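Here's my_file-v1.csv, which has CSV, C-alpha atoms:
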```csv
chain,number,residue,atom,x,y,z
A,1,MET,CA,9.5,-34.9,30.2
A,2,LYS,CA,7.2,-32.0,30.9
A,3,GLY,CA,7.3,-29.2,28.4
A,4,SER,CA,8.5,-26.6,31.0
A,5,LEU,CA,11.7,-28.7,31.5
A,6,ASP,CA,12.5,-28.8,27.7
A,7,ASN,CA,14.5,-25.8,26.8
A,8,ALA,CA,14.4,-26.6,23.1
A,9,LEU,CA,10.6,-26.7,23.1
A,10,LYS,CA,10.4,-23.5,25.0
A,11,THR,CA,12.8,-21.8,22.5
A,12,ASP,CA,10.6,-23.1,19.6
A,13,LEU,CA,7.5,-21.6,21.3
A,14,LYS,CA,9.2,-18.3,21.8
A,15,ARG,CA,10.1,-18.2,18.1
A,16,LEU,CA,6.6,-19.2,17.2
A,17,ILE,CA,5.2,-16.2,19.3
A,18,ILE,CA,7.8,-13.8,17.8
A,19,ASP,CA,7.0,-15.0,14.2
A,20,ALA,CA,3.2,-15.2,14.6
A,21,CYS,CA,2.9,-11.9,16.4
A,22,ASP,CA,5.4,-10.0,14.2
A,23,LEU,CA,7.5,-8.9,17.2
A,24,ASP,CA,10.9,-7.2,17.2
A,25,ALA,CA,12.4,-9.5,19.8
A,26,GLU,CA,14.7,-12.5,20.2
A,27,ALA,CA,13.9,-15.7,21.9
A,28,VAL,CA,16.4,-15.0,24.6
A,29,ASP,CA,14.6,-11.8,25.5
A,30,ILE,CA,11.5,-13.7,26.6
A,31,ASP,CA,11.4,-14.9,30.3
A,32,ASP,CA,10.2,-18.4,30.8
A,33,ASP,CA,8.1,-17.4,33.8
A,34,GLY,CA,7.1,-13.8,32.9
A,35,PRO,CA,3.5,-13.0,31.9
A,36,LEU,CA,2.9,-12.8,28.2
A,37,PHE,CA,-0.3,-10.8,28.1
A,38,GLY,CA,-1.7,-7.8,29.8
A,39,ARG,CA,-0.4,-4.7,31.6
A,40,GLY,CA,3.2,-5.1,32.7
A,41,SER,CA,3.8,-8.2,30.6
A,42,GLN,CA,7.1,-8.5,28.9
A,43,LEU,CA,5.8,-8.5,25.3
A,44,GLY,CA,2.6,-6.4,25.7
A,45,LEU,CA,0.5,-9.0,23.7
A,46,ASP,CA,-3.2,-8.5,23.4
A,47,SER,CA,-6.3,-10.5,22.5
A,48,ILE,CA,-5.6,-10.4,18.7
A,49,ASP,CA,-2.2,-11.8,19.4
A,50,ALA,CA,-3.8,-14.5,21.5
A,51,LEU,CA,-6.0,-15.4,18.5
A,52,GLN,CA,-3.0,-15.4,16.2
A,53,ILE,CA,-1.0,-17.7,18.5
A,54,SER,CA,-4.0,-20.0,19.1
A,55,ILE,CA,-4.1,-20.7,15.3
A,56,ALA,CA,-0.3,-20.9,14.9
A,57,VAL,CA,0.0,-23.4,17.8
A,58,GLN,CA,-2.2,-26.0,15.9
A,59,LYS,CA,1.0,-27.2,14.2
A,60,TYR,CA,1.8,-28.9,17.5
A,61,GLY,CA,-1.5,-30.9,17.1
A,62,VAL,CA,-3.2,-29.0,20.0
A,63,LYS,CA,-6.3,-26.8,20.0
A,64,ILE,CA,-7.1,-24.0,22.4
A,65,THR,CA,-10.8,-24.0,22.5
A,66,ASP,CA,-11.9,-21.0,24.6
A,67,SER,CA,-10.6,-17.8,26.1
A,68,LYS,CA,-10.4,-19.1,29.7
A,69,GLN,CA,-8.2,-22.0,28.5
A,70,MET,CA,-6.2,-19.5,26.5
A,71,ARG,CA,-5.6,-17.3,29.6
A,72,ARG,CA,-4.5,-20.3,31.6
A,73,VAL,CA,-2.3,-21.8,28.9
A,74,MET,CA,-0.7,-18.6,27.8
A,75,ALA,CA,0.1,-17.3,31.3
A,76,SER,CA,3.9,-17.8,30.6
A,77,ILE,CA,6.2,-19.8,28.4
A,78,ASN,CA,6.4,-22.5,31.0
A,79,THR,CA,2.6,-23.0,31.2
A,80,PHE,CA,2.4,-22.9,27.4
A,81,ALA,CA,5.1,-25.6,27.1
A,82,ASP,CA,3.4,-27.7,29.7
A,83,PHE,CA,0.2,-27.4,27.7
A,84,ILE,CA,2.0,-28.7,24.6
A,85,ARG,CA,3.6,-31.5,26.5
A,86,PRO,CA,2.0,-32.2,29.8
A,87,GLU,CA,4.3,-35.1,30.8
B,1,MET,CA,-4.9,21.2,-6.5
B,2,PHE,CA,-1.3,22.1,-5.9
B,3,ILE,CA,1.5,19.5,-5.5
B,4,HIS,CA,3.8,20.2,-2.6
B,5,ALA,CA,5.8,16.9,-2.4
B,6,VAL,CA,6.2,13.7,-4.4
B,7,SER,CA,7.7,10.3,-3.6
B,8,ARG,CA,8.5,7.2,-5.7
B,9,PHE,CA,9.3,3.8,-4.3
B,10,VAL,CA,9.8,0.9,-6.7
B,11,THR,CA,11.3,-2.4,-5.9
B,12,PRO,CA,11.4,-6.0,-7.1
B,13,PRO,CA,9.2,-8.2,-4.9
B,14,VAL,CA,10.9,-8.7,-1.5
B,15,ALA,CA,11.3,-12.1,0.1
B,16,HIS,CA,9.9,-11.0,3.4
B,17,PRO,CA,8.0,-8.0,4.8
B,18,ARG,CA,10.9,-7.5,7.3
B,19,VAL,CA,13.0,-6.1,4.4
B,20,LEU,CA,10.4,-3.3,3.9
B,21,LYS,CA,10.1,-2.8,7.6
B,22,GLU,CA,13.8,-2.0,7.7
B,23,ILE,CA,13.4,0.5,4.9
B,24,LEU,CA,10.5,2.1,6.6
B,25,LYS,CA,12.6,2.7,9.7
B,26,GLY,CA,14.6,5.2,7.6
B,27,TYR,CA,11.5,7.4,7.4
B,28,THR,CA,9.8,7.1,10.7
B,29,ASP,CA,10.5,6.0,14.3
B,30,THR,CA,7.0,4.6,14.7
B,31,PRO,CA,7.1,0.9,15.3
B,32,PHE,CA,4.7,-1.1,13.1
B,33,ARG,CA,3.4,-4.6,13.9
B,34,ARG,CA,0.9,-6.9,12.2
B,35,VAL,CA,1.5,-5.2,8.9
B,36,ASN,CA,2.0,-6.9,5.5
B,37,THR,CA,3.8,-6.1,2.3
B,38,PHE,CA,1.0,-4.0,0.9
B,39,ILE,CA,0.6,-1.9,4.1
B,40,LEU,CA,4.4,-1.5,4.4
B,41,LEU,CA,4.6,-0.3,0.7
B,42,ALA,CA,1.9,2.3,1.5
B,43,LEU,CA,3.7,3.4,4.6
B,44,ILE,CA,7.1,3.8,3.0
B,45,GLY,CA,5.6,5.8,0.1
B,46,ALA,CA,3.5,8.1,2.3
B,47,HIS,CA,6.2,8.7,4.9
B,48,ARG,CA,8.8,9.3,2.2
B,49,CYS,CA,6.5,11.8,0.6
B,50,VAL,CA,5.9,14.0,3.7
B,51,GLN,CA,9.4,13.7,5.1
B,52,GLY,CA,10.3,16.9,6.8
B,53,ARG,CA,6.7,18.1,6.7
B,54,THR,CA,3.8,17.8,9.1
B,55,PRO,CA,0.5,17.4,7.3
B,56,SER,CA,-2.3,19.2,9.1
B,57,GLY,CA,-4.6,17.1,11.3
B,58,ASN,CA,-7.5,17.3,8.9
B,59,ALA,CA,-5.5,16.1,5.9
B,60,SER,CA,-7.1,13.3,3.9
B,61,VAL,CA,-5.7,10.1,2.5
B,62,TYR,CA,-6.7,8.6,-0.9
B,63,LEU,CA,-5.0,5.3,-1.5
B,64,THR,CA,-5.5,4.0,-5.1
B,65,THR,CA,-4.8,0.4,-6.0
B,66,GLU,CA,-5.6,-2.0,-8.8
B,67,ASN,CA,-5.6,-5.1,-6.6
B,68,GLY,CA,-5.3,-4.2,-3.0
B,69,ASN,CA,-3.9,-6.6,-0.4
B,70,LEU,CA,-3.3,-9.5,-2.8
B,71,GLY,CA,-0.7,-11.3,-0.7
B,72,ASP,CA,-2.9,-11.6,2.4
B,73,THR,CA,-6.1,-12.2,0.4
B,74,ASN,CA,-4.3,-15.1,-1.2
B,75,ASN,CA,-3.1,-16.4,2.2
B,76,VAL,CA,-6.6,-16.2,3.7
B,77,LEU,CA,-8.2,-18.0,0.8
B,78,ASP,CA,-5.5,-20.7,0.8
B,79,GLN,CA,-6.0,-21.2,4.6
B,80,LEU,CA,-9.8,-21.4,4.2
B,81,TYR,CA,-10.2,-23.5,1.1
B,82,ARG,CA,-6.9,-25.5,0.6
B,83,GLN,CA,-5.8,-26.1,4.2
B,84,ARG,CA,-9.4,-26.1,5.4
B,85,SER,CA,-8.4,-24.2,8.6
B,86,LEU,CA,-9.2,-20.9,10.2
B,87,PRO,CA,-7.4,-18.0,8.6
B,88,MET,CA,-4.6,-16.3,10.6
B,89,PRO,CA,-6.2,-13.3,12.3
B,90,PHE,CA,-3.6,-10.8,11.2
B,91,SER,CA,-4.0,-11.9,7.6
B,92,PHE,CA,-7.7,-11.8,7.8
B,93,ILE,CA,-7.8,-8.2,9.3
B,94,ASN,CA,-5.3,-7.0,6.7
B,95,THR,CA,-7.6,-8.1,3.8
B,96,MET,CA,-10.0,-5.4,4.8
B,97,SER,CA,-9.8,-2.9,1.9
B,98,ASN,CA,-9.1,0.2,4.0
B,99,THR,CA,-6.5,-1.2,6.3
B,100,ALA,CA,-3.5,0.4,4.5
B,101,PRO,CA,-4.8,4.0,4.4
B,102,PHE,CA,-5.8,3.6,8.0
B,103,TYR,CA,-2.2,2.8,9.0
B,104,VAL,CA,-1.0,5.7,6.9
B,105,ALA,CA,-3.4,8.1,8.6
B,106,GLN,CA,-2.8,6.8,12.1
B,107,SER,CA,1.0,7.0,11.7
B,108,LEU,CA,0.8,10.6,10.3
B,109,ASN,CA,-1.8,11.6,12.8
B,110,VAL,CA,-4.3,12.8,10.2
B,111,LEU,CA,-8.0,12.6,10.6
B,112,GLY,CA,-9.5,13.7,7.3
B,113,ARG,CA,-11.2,11.5,4.7
B,114,ASN,CA,-9.6,8.1,4.4
B,115,LEU,CA,-10.4,6.1,1.3
B,116,SER,CA,-9.2,3.2,-0.8
B,117,ILE,CA,-10.0,3.6,-4.5
B,118,SER,CA,-9.9,1.1,-7.3
B,119,GLY,CA,-11.0,1.8,-10.8
B,120,ARG,CA,-10.4,-1.0,-13.3
B,121,GLY,CA,-7.1,0.0,-14.9
B,122,LEU,CA,-7.6,3.7,-14.1
B,123,SER,CA,-7.3,3.6,-10.3
B,124,PHE,CA,-4.7,6.4,-9.9
B,125,GLU,CA,-6.7,8.7,-12.3
B,126,ARG,CA,-9.9,8.0,-10.3
B,127,GLY,CA,-8.2,8.9,-7.1
B,128,LEU,CA,-7.0,12.2,-8.5
B,129,GLU,CA,-10.5,12.8,-9.9
B,130,LEU,CA,-12.2,12.2,-6.6
B,131,ALA,CA,-9.6,14.3,-4.7
B,132,ARG,CA,-10.2,17.2,-7.1
B,133,LEU,CA,-14.0,16.9,-6.5
B,134,ASP,CA,-13.4,17.1,-2.8
B,135,PHE,CA,-11.0,20.0,-3.2
B,136,ASP,CA,-12.8,22.2,-5.6
B,137,PRO,CA,-15.9,23.1,-3.7
B,138,GLY,CA,-15.5,20.9,-0.8
B,139,PRO,CA,-14.0,20.8,2.6
B,140,VAL,CA,-10.7,19.0,1.8
B,141,GLU,CA,-7.7,21.4,1.8
B,142,GLU,CA,-4.9,19.0,2.1
B,143,ALA,CA,-4.4,15.3,1.1
B,144,LEU,CA,-2.0,12.5,0.4
B,145,ILE,CA,-2.8,10.7,-2.8
B,146,GLY,CA,-1.0,7.4,-3.3
B,147,ALA,CA,-0.9,4.4,-5.6
B,148,VAL,CA,0.2,1.1,-4.2
B,149,ASP,CA,0.2,-2.4,-5.6
B,150,GLU,CA,2.2,-5.5,-4.8
B,151,VAL,CA,3.2,-8.2,-7.3
B,152,PRO,CA,0.6,-11.1,-7.2
B,153,PRO,CA,1.9,-13.9,-5.1
B,154,GLY,CA,3.6,-16.7,-7.1
B,155,SER,CA,3.4,-14.8,-10.4
B,156,GLU,CA,6.0,-15.3,-13.0
B,157,ALA,CA,6.9,-13.4,-16.2
B,158,PRO,CA,5.2,-11.8,-18.1
B,159,HIS,CA,3.6,-10.5,-14.9
B,160,PRO,CA,5.1,-7.4,-13.4
B,161,ALA,CA,8.7,-7.6,-12.1
B,162,VAL,CA,8.3,-4.7,-9.7
B,163,GLU,CA,5.9,-3.4,-7.1
B,164,GLY,CA,5.7,0.1,-5.8
B,165,SER,CA,4.2,3.0,-3.9
B,166,PHE,CA,3.9,6.4,-5.4
B,167,TRP,CA,2.5,9.4,-3.6
B,168,ILE,CA,1.8,13.1,-4.0
B,169,TYR,CA,1.1,15.6,-1.2
B,170,VAL,CA,-1.5,18.1,-2.4
B,171,ARG,CA,-2.8,21.3,-0.9
B,172,LYS,CA,-5.3,24.0,-1.8
B,173,VAL,CA,-2.7,26.7,-1.4
B,174,ARG,CA,-0.2,27.3,-4.1
B,175,ASN,CA,2.5,28.9,-2.1
B,176,GLY,CA,5.6,26.7,-2.1
B,177,ALA,CA,4.1,24.2,-4.6
B,178,LEU,CA,6.3,22.3,-7.0
B,179,GLY,CA,3.5,21.7,-9.4
B,180,GLU,CA,-0.3,21.3,-10.0
B,181,VAL,CA,-2.9,18.8,-11.0
B,182,ALA,CA,-4.6,21.2,-13.5
B,183,ASP,CA,-7.2,18.9,-15.0
B,184,VAL,CA,-8.6,15.3,-14.8
B,185,ARG,CA,-11.1,14.5,-17.5
B,186,SER,CA,-12.9,11.2,-18.3
B,187,PHE,CA,-14.1,10.2,-21.8
B,188,PRO,CA,-16.4,7.4,-22.8
B,189,ASP,CA,-14.3,6.5,-25.8
B,190,ARG,CA,-11.3,7.4,-28.0
B,191,GLU,CA,-13.4,9.7,-30.3
B,192,ALA,CA,-14.5,11.9,-27.4
B,193,LEU,CA,-10.9,12.3,-26.2
B,194,ALA,CA,-9.8,13.1,-29.8
B,195,ALA,CA,-12.6,15.8,-30.0
B,196,TRP,CA,-11.4,17.3,-26.8
B,197,CYS,CA,-7.8,17.4,-28.0
B,198,ALA,CA,-8.9,19.0,-31.3
B,199,GLU,CA,-10.8,21.9,-29.5
B,200,ARG,CA,-7.7,23.8,-28.7
B,201,PRO,CA,-4.1,23.2,-27.9
B,202,ILE,CA,-4.1,21.6,-24.5
B,203,LEU,CA,-0.5,22.4,-23.7
B,204,PRO,CA,1.9,24.8,-25.4
B,205,ARG,CA,4.3,23.2,-27.8
B,206,GLY,CA,7.9,23.3,-26.6
B,207,ARG,CA,7.0,23.2,-22.9
B,208,GLY,CA,4.4,20.4,-23.1
B,209,MET,CA,4.9,16.7,-23.1
B,210,LEU,CA,2.7,13.7,-23.8
B,211,ALA,CA,2.7,10.5,-21.8
B,212,CYS,CA,0.5,7.5,-22.4
B,213,GLY,CA,-0.4,4.7,-19.9
B,214,ALA,CA,0.7,1.2,-20.3
B,215,ALA,CA,-2.7,0.1,-21.8
B,216,VAL,CA,-2.4,2.5,-24.7
B,217,PRO,CA,-1.0,0.6,-27.7
B,218,ASP,CA,2.1,2.0,-29.5
B,219,GLU,CA,0.3,2.9,-32.7
B,220,GLU,CA,-2.2,4.8,-30.7
B,221,LYS,CA,0.6,6.7,-28.9
B,222,THR,CA,1.9,7.8,-32.2
B,223,ASP,CA,-1.5,9.0,-33.2
B,224,TRP,CA,-1.9,11.0,-30.0
B,225,GLN,CA,1.5,12.5,-30.5
B,226,ARG,CA,0.5,13.5,-34.0
B,227,ARG,CA,-2.7,15.0,-32.8
B,228,THR,CA,-1.2,17.0,-30.0
B,229,GLY,CA,2.1,17.8,-31.4
B,230,LEU,CA,3.8,17.2,-28.1
B,231,ALA,CA,7.1,15.5,-27.3
B,232,LEU,CA,6.7,12.0,-25.8
B,233,PHE,CA,7.6,11.3,-22.1
B,234,ASP,CA,7.9,7.6,-22.1
B,235,TYR,CA,8.1,6.0,-18.7
B,236,VAL,CA,6.5,2.6,-19.3
B,237,ALA,CA,9.8,1.3,-20.8
B,238,ASP,CA,11.6,1.8,-17.5
B,239,TYR,CA,10.3,-1.3,-15.8
B,240,GLY,CA,7.6,-2.5,-18.2
B,241,PRO,CA,3.9,-2.5,-17.3
B,242,PHE,CA,3.0,-2.9,-13.7
B,243,ASP,CA,-0.2,-2.1,-11.7
B,244,THR,CA,0.9,1.3,-10.5
B,245,VAL,CA,2.9,2.3,-13.5
B,246,THR,CA,0.7,5.4,-14.2
B,247,ALA,CA,1.5,6.8,-10.8
B,248,TYR,CA,5.1,5.9,-11.3
B,249,GLY,CA,5.1,8.0,-14.6
B,250,VAL,CA,3.4,11.0,-13.1
B,251,THR,CA,5.7,11.1,-10.0
B,252,LYS,CA,8.7,10.6,-12.2
B,253,PHE,CA,7.7,13.5,-14.3
B,254,LEU,CA,7.2,15.7,-11.2
B,255,GLU,CA,10.5,14.6,-9.7
B,256,THR,CA,12.7,14.7,-12.7
B,257,SER,CA,11.3,17.1,-15.3
B,258,PRO,CA,12.4,20.7,-15.7
B,259,PRO,CA,9.5,23.1,-15.6
B,260,ALA,CA,7.0,21.7,-18.1
B,261,SER,CA,3.5,20.5,-18.5
B,262,LEU,CA,2.3,17.0,-19.1
B,263,LEU,CA,-0.8,15.6,-20.8
B,264,HIS,CA,-1.2,12.0,-19.7
B,265,ILE,CA,-3.6,9.8,-21.6
B,266,ASN,CA,-4.7,6.4,-20.3
B,267,ARG,CA,-7.4,3.9,-21.1
B,268,ASN,CA,-8.9,0.8,-19.5
B,269,GLY,CA,-10.0,-2.5,-20.9
B,270,GLN,CA,-13.5,-1.2,-21.6
B,271,GLY,CA,-12.1,1.6,-23.8
B,272,ARG,CA,-12.8,4.4,-21.4
B,273,TYR,CA,-10.2,7.2,-21.4
B,274,VAL,CA,-8.9,9.6,-18.8
B,275,ALA,CA,-6.7,12.6,-19.5
B,276,LEU,CA,-4.6,14.2,-16.8
B,277,VAL,CA,-3.0,17.6,-17.2
B,278,LEU,CA,-0.1,18.4,-14.8
B,279,HIS,CA,2.2,21.3,-14.5
B,280,ARG,CA,5.7,21.2,-13.1
B,281,TYR,CA,6.8,24.6,-12.0
```
For this file, produce the structure as structure tokens.
Amino acid sequence: MKGSLDNALKTDLKRLIIDACDLDAEAVDIDDDGPLFGRGSQLGLDSIDALQISIAVQKYGVKITDSKQMRRVMASINTFADFIRPE
Amino acid sequence: MFIHAVSRFVTPPVAHPRVLKEILKGYTDTPFRRVNTFILLALIGAHRCVQGRTPSGNASVYLTTENGNLGDTNNVLDQLYRQRSLPMPFSFINTMSNTAPFYVAQSLNVLGRNLSISGRGLSFERGLELARLDFDPGPVEEALIGAVDEVPPGSEAPHPAVEGSFWIYVRKVRNGALGEVADVRSFPDREALAAWCAERPILPRGRGMLACGAAVPDEEKTDWQRRTGLALFDYVADYGPFDTVTAYGVTKFLETSPPASLLHINRNGQGRYVALVLHRY
């Protein structure tokens, strides 16, 4: 099952972002499709948050190797989940 | 250097920085992110100290500490050498020595000198000494001087049972002050301090008190009491020795004492001494 179809995985990823980035938010506050970074994003995350998440996500056995990949993977919770579990 | 406000914050080590974040919300509406226990302790103490006041834009911040950001330094070293992984970026950034006073200055919107000071067992005294130097002839007219330390991670008794953040807000102007840092003197050894004490009465008997830092042994305390003839203000017994206990004692005196003067004597492991003279109006 693709990650974006797995609600439990997506909730885990939201919690990982909240914990890793020290956010005052709940998992239910984060939209599955909303942008995570940049202006107008739901959480207002920046490049240092991206670095923090890229290290924290290693517990899933994946590595984000460059900033282009980071931007693509972290576009939303759905893309992030699909990166963790592509199929 | 006149003292206009004082704060004391002392707590057993908290399980998670979130606990401190909630306490900090009682003093400021500014949201803080990416901060650790050490930074939160600094912010709580500083905001508590200036509550209801607005420090001028050119106020300075002197943060004194024995050990700095121990928790995150421990985390980073653990990630690098035990887990053999990259350190978490927030932890790495927060190990920079001046991060905590930066957060204090940013949140209070002050742009003066911004320093972290550590001085081998005499950190708070060194901070006061440096601030006085900057005040006396210099450009600094207003400052926050704090002492912050966290309990070393994983430490057990007999290590300190509490951590804390103790601040004074000092200005060049006397008007409205609650007290004064009248003197800060360093001595190379016990004999030099004894000679200074013998020169003249440092404080008037009756209104003067003597306090000794945690590193001064009991028999030596008795000797200083005999030499100075001052009543003892013993604060170390409250929580036992901990890294910022001198600042705890000084701020306790300023907060709780009736009008009086305090001679505070402390020493470090190398046998160097510092004497502080404070007045509480």
Study note, to complete from the structure: For chain B, the closest of A:Val57, A:Met1, A:Ile84, A:Val73 counting all atoms listed in the file is A:Val57
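With atom CA of Val277 of chain B on one side and atom CA of Gly164 of chain B on the other, the separation reads 22.6 Å.
If you look at atom CA of Pro201 of chain B and atom CA of Asp189 of chain B, they are 19.7 Å away from each other.
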Taking a cut-off of 10 Å and counting all atoms listed in the file, can you build a table that, for each residue of chain A near chain B, reports the nearest atom pair and how far apart they are in Å (one decimal), sorted by chain then residue number, as CSV?
```
residue,atom,partner,partner_atom,distance
A:Ala20,CA,B:Phe90,CA,8.8
A:Cys21,CA,B:Arg34,CA,6.8
A:Asp22,CA,B:Arg33,CA,5.8
A:Leu23,CA,B:Arg33,CA,6.8
A:Asp24,CA,B:Arg33,CA,8.6
A:Ile48,CA,B:Pro89,CA,7.1
A:Asp49,CA,B:Pro89,CA,8.3
A:Ala50,CA,B:Pro89,CA,9.6
A:Leu51,CA,B:Pro89,CA,6.5
A:Gln52,CA,B:Pro89,CA,5.5
A:Ile53,CA,B:Met88,CA,8.8
A:Ser54,CA,B:Met88,CA,9.3
A:Ile55,CA,B:Met88,CA,6.5
A:Ala56,CA,B:Met88,CA,7.6
A:Gln58,CA,B:Ser85,CA,9.7
```
**Study point:** Contacts of Glu87 of chain A within 9 Å, all atoms listed in the file, excl. fewer than 4 positions in-chain, as a VMD selection string
**Key:** chain A and resid 1 to 3 82
Practice item. May I have the residues within 8 Å of Phe37 of chain A as a ChimeraX atom specification, using all atoms listed in the file and disregarding those fewer than 4 positions away in the same chain? Key: /A:41-46,74-75
Anything within 10 Å of (8.7, 15.5, -6.6): list those residues as a CSV table (one decimal) with C-alpha atoms, in the frame of the given file, counting all atoms listed in the file and sticking to the file's coordinates.
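This is the output file selection37.csv:
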```
chain,number,residue,atom,x,y,z
B,3,ILE,CA,1.5,19.5,-5.5
B,4,HIS,CA,3.8,20.2,-2.6
B,5,ALA,CA,5.8,16.9,-2.4
B,6,VAL,CA,6.2,13.7,-4.4
B,7,SER,CA,7.7,10.3,-3.6
B,8,ARG,CA,8.5,7.2,-5.7
B,49,CYS,CA,6.5,11.8,0.6
B,167,TRP,CA,2.5,9.4,-3.6
B,168,ILE,CA,1.8,13.1,-4.0
B,169,TYR,CA,1.1,15.6,-1.2
B,178,LEU,CA,6.3,22.3,-7.0
B,179,GLY,CA,3.5,21.7,-9.4
B,250,VAL,CA,3.4,11.0,-13.1
B,251,THR,CA,5.7,11.1,-10.0
B,252,LYS,CA,8.7,10.6,-12.2
B,253,PHE,CA,7.7,13.5,-14.3
B,254,LEU,CA,7.2,15.7,-11.2
B,255,GLU,CA,10.5,14.6,-9.7
B,256,THR,CA,12.7,14.7,-12.7
B,257,SER,CA,11.3,17.1,-15.3
B,280,ARG,CA,5.7,21.2,-13.1
```
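Here the question is which of B:Ala198, B:Ile39, B:Ala215, B:Ala275 gets nearest to Val148 of chain B using only C-alpha atoms, and that residue is B:Ile39.
Note that atom CA of Ile117 of chain B and atom CA of Leu203 of chain B are 28.5 Å apart.
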Practice item. May I have the residues within 9 Å of segment 132-139 of chain B as number ranges by chain, using only C-alpha atoms and disregarding those fewer than 5 positions away in the same chain? Key: B: 1, 127, 171-172, 181, 183-184
Exercise for review: Mind checking which residues fall within 9 Å of segment 210-214 of chain B, counting only C-alpha atoms, ignoring those fewer than 3 positions away in the same chain, and posting them as an MDAnalysis selection string?
Suggested key: chainID B and resid 217 221 224:225 228:236 240:242 245:246 249:250 261:267
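Residues lying within 8 Å of Pro13 of chain B, counting only C-alpha atoms and ignoring same-chain neighbours fewer than 5 positions away, are B:Glu150, B:Val151, B:Ala161, B:Val162, B:Glu163.
Minimum atom-to-atom distance to Ala177 of chain B, evaluated using all atoms listed in the file, belongs to B:His279 out of B:Arg226, B:His279, B:Arg190, B:Arg272.
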Review point. Between A:Leu9, A:Lys14, A:Ser4, A:Gly40, which one has atoms that come closest to Val28 of chain A, using all atoms listed in the file?
Key: A:Lys14
Complete the atoms of segment 12-28 of chain A to N, CA and C atoms and put them out as a short mmCIF file (atom, residue, chain, number, x, y, z; two decimals), keeping the file's coordinate frame.
```
data_model
loop_
_atom_site.label_atom_id
_atom_site.label_comp_id
_atom_site.auth_asym_id
_atom_site.auth_seq_id
_atom_site.Cartn_x
_atom_site.Cartn_y
_atom_site.Cartn_z
N ASP A 12 11.48 -22.99 20.83
CA ASP A 12 10.60 -23.10 19.60
C ASP A 12 9.33 -22.27 19.86
N LEU A 13 8.75 -22.37 21.05
CA LEU A 13 7.50 -21.60 21.30
C LEU A 13 7.74 -20.12 21.32
N LYS A 14 8.88 -19.72 21.85
CA LYS A 14 9.20 -18.30 21.80
C LYS A 14 9.32 -17.79 20.38
N ARG A 15 9.98 -18.62 19.56
CA ARG A 15 10.10 -18.20 18.10
C ARG A 15 8.76 -18.21 17.45
N LEU A 16 7.91 -19.15 17.82
CA LEU A 16 6.60 -19.20 17.20
C LEU A 16 5.81 -17.88 17.59
N ILE A 17 5.91 -17.47 18.85
CA ILE A 17 5.20 -16.20 19.30
C ILE A 17 5.81 -15.03 18.54
N ILE A 18 7.13 -14.98 18.44
CA ILE A 18 7.80 -13.80 17.80
C ILE A 18 7.35 -13.78 16.31
N ASP A 19 7.36 -14.93 15.64
CA ASP A 19 7.00 -15.00 14.20
C ASP A 19 5.49 -14.65 14.04
N ALA A 20 4.66 -15.34 14.81
CA ALA A 20 3.20 -15.20 14.60
C ALA A 20 2.75 -13.79 14.97
N CYS A 21 3.36 -13.17 15.96
CA CYS A 21 2.90 -11.90 16.40
C CYS A 21 3.72 -10.70 15.83
N ASP A 22 4.66 -11.04 14.92
CA ASP A 22 5.40 -10.00 14.20
C ASP A 22 6.12 -9.07 15.24
N LEU A 23 6.87 -9.69 16.15
CA LEU A 23 7.50 -8.90 17.20
C LEU A 23 9.00 -8.66 16.87
N ASP A 24 9.46 -7.50 17.29
CA ASP A 24 10.90 -7.20 17.20
C ASP A 24 11.56 -7.68 18.46
N ALA A 25 11.81 -8.95 18.57
CA ALA A 25 12.40 -9.50 19.80
C ALA A 25 13.17 -10.76 19.42
N GLU A 26 14.00 -11.20 20.33
CA GLU A 26 14.70 -12.50 20.20
C GLU A 26 14.21 -13.44 21.23
N ALA A 27 14.36 -14.72 20.95
CA ALA A 27 13.90 -15.70 21.90
C ALA A 27 14.51 -15.53 23.29
N VAL A 28 15.78 -15.13 23.32
CA VAL A 28 16.40 -15.00 24.60
C VAL A 28 15.86 -13.80 25.43
#
```
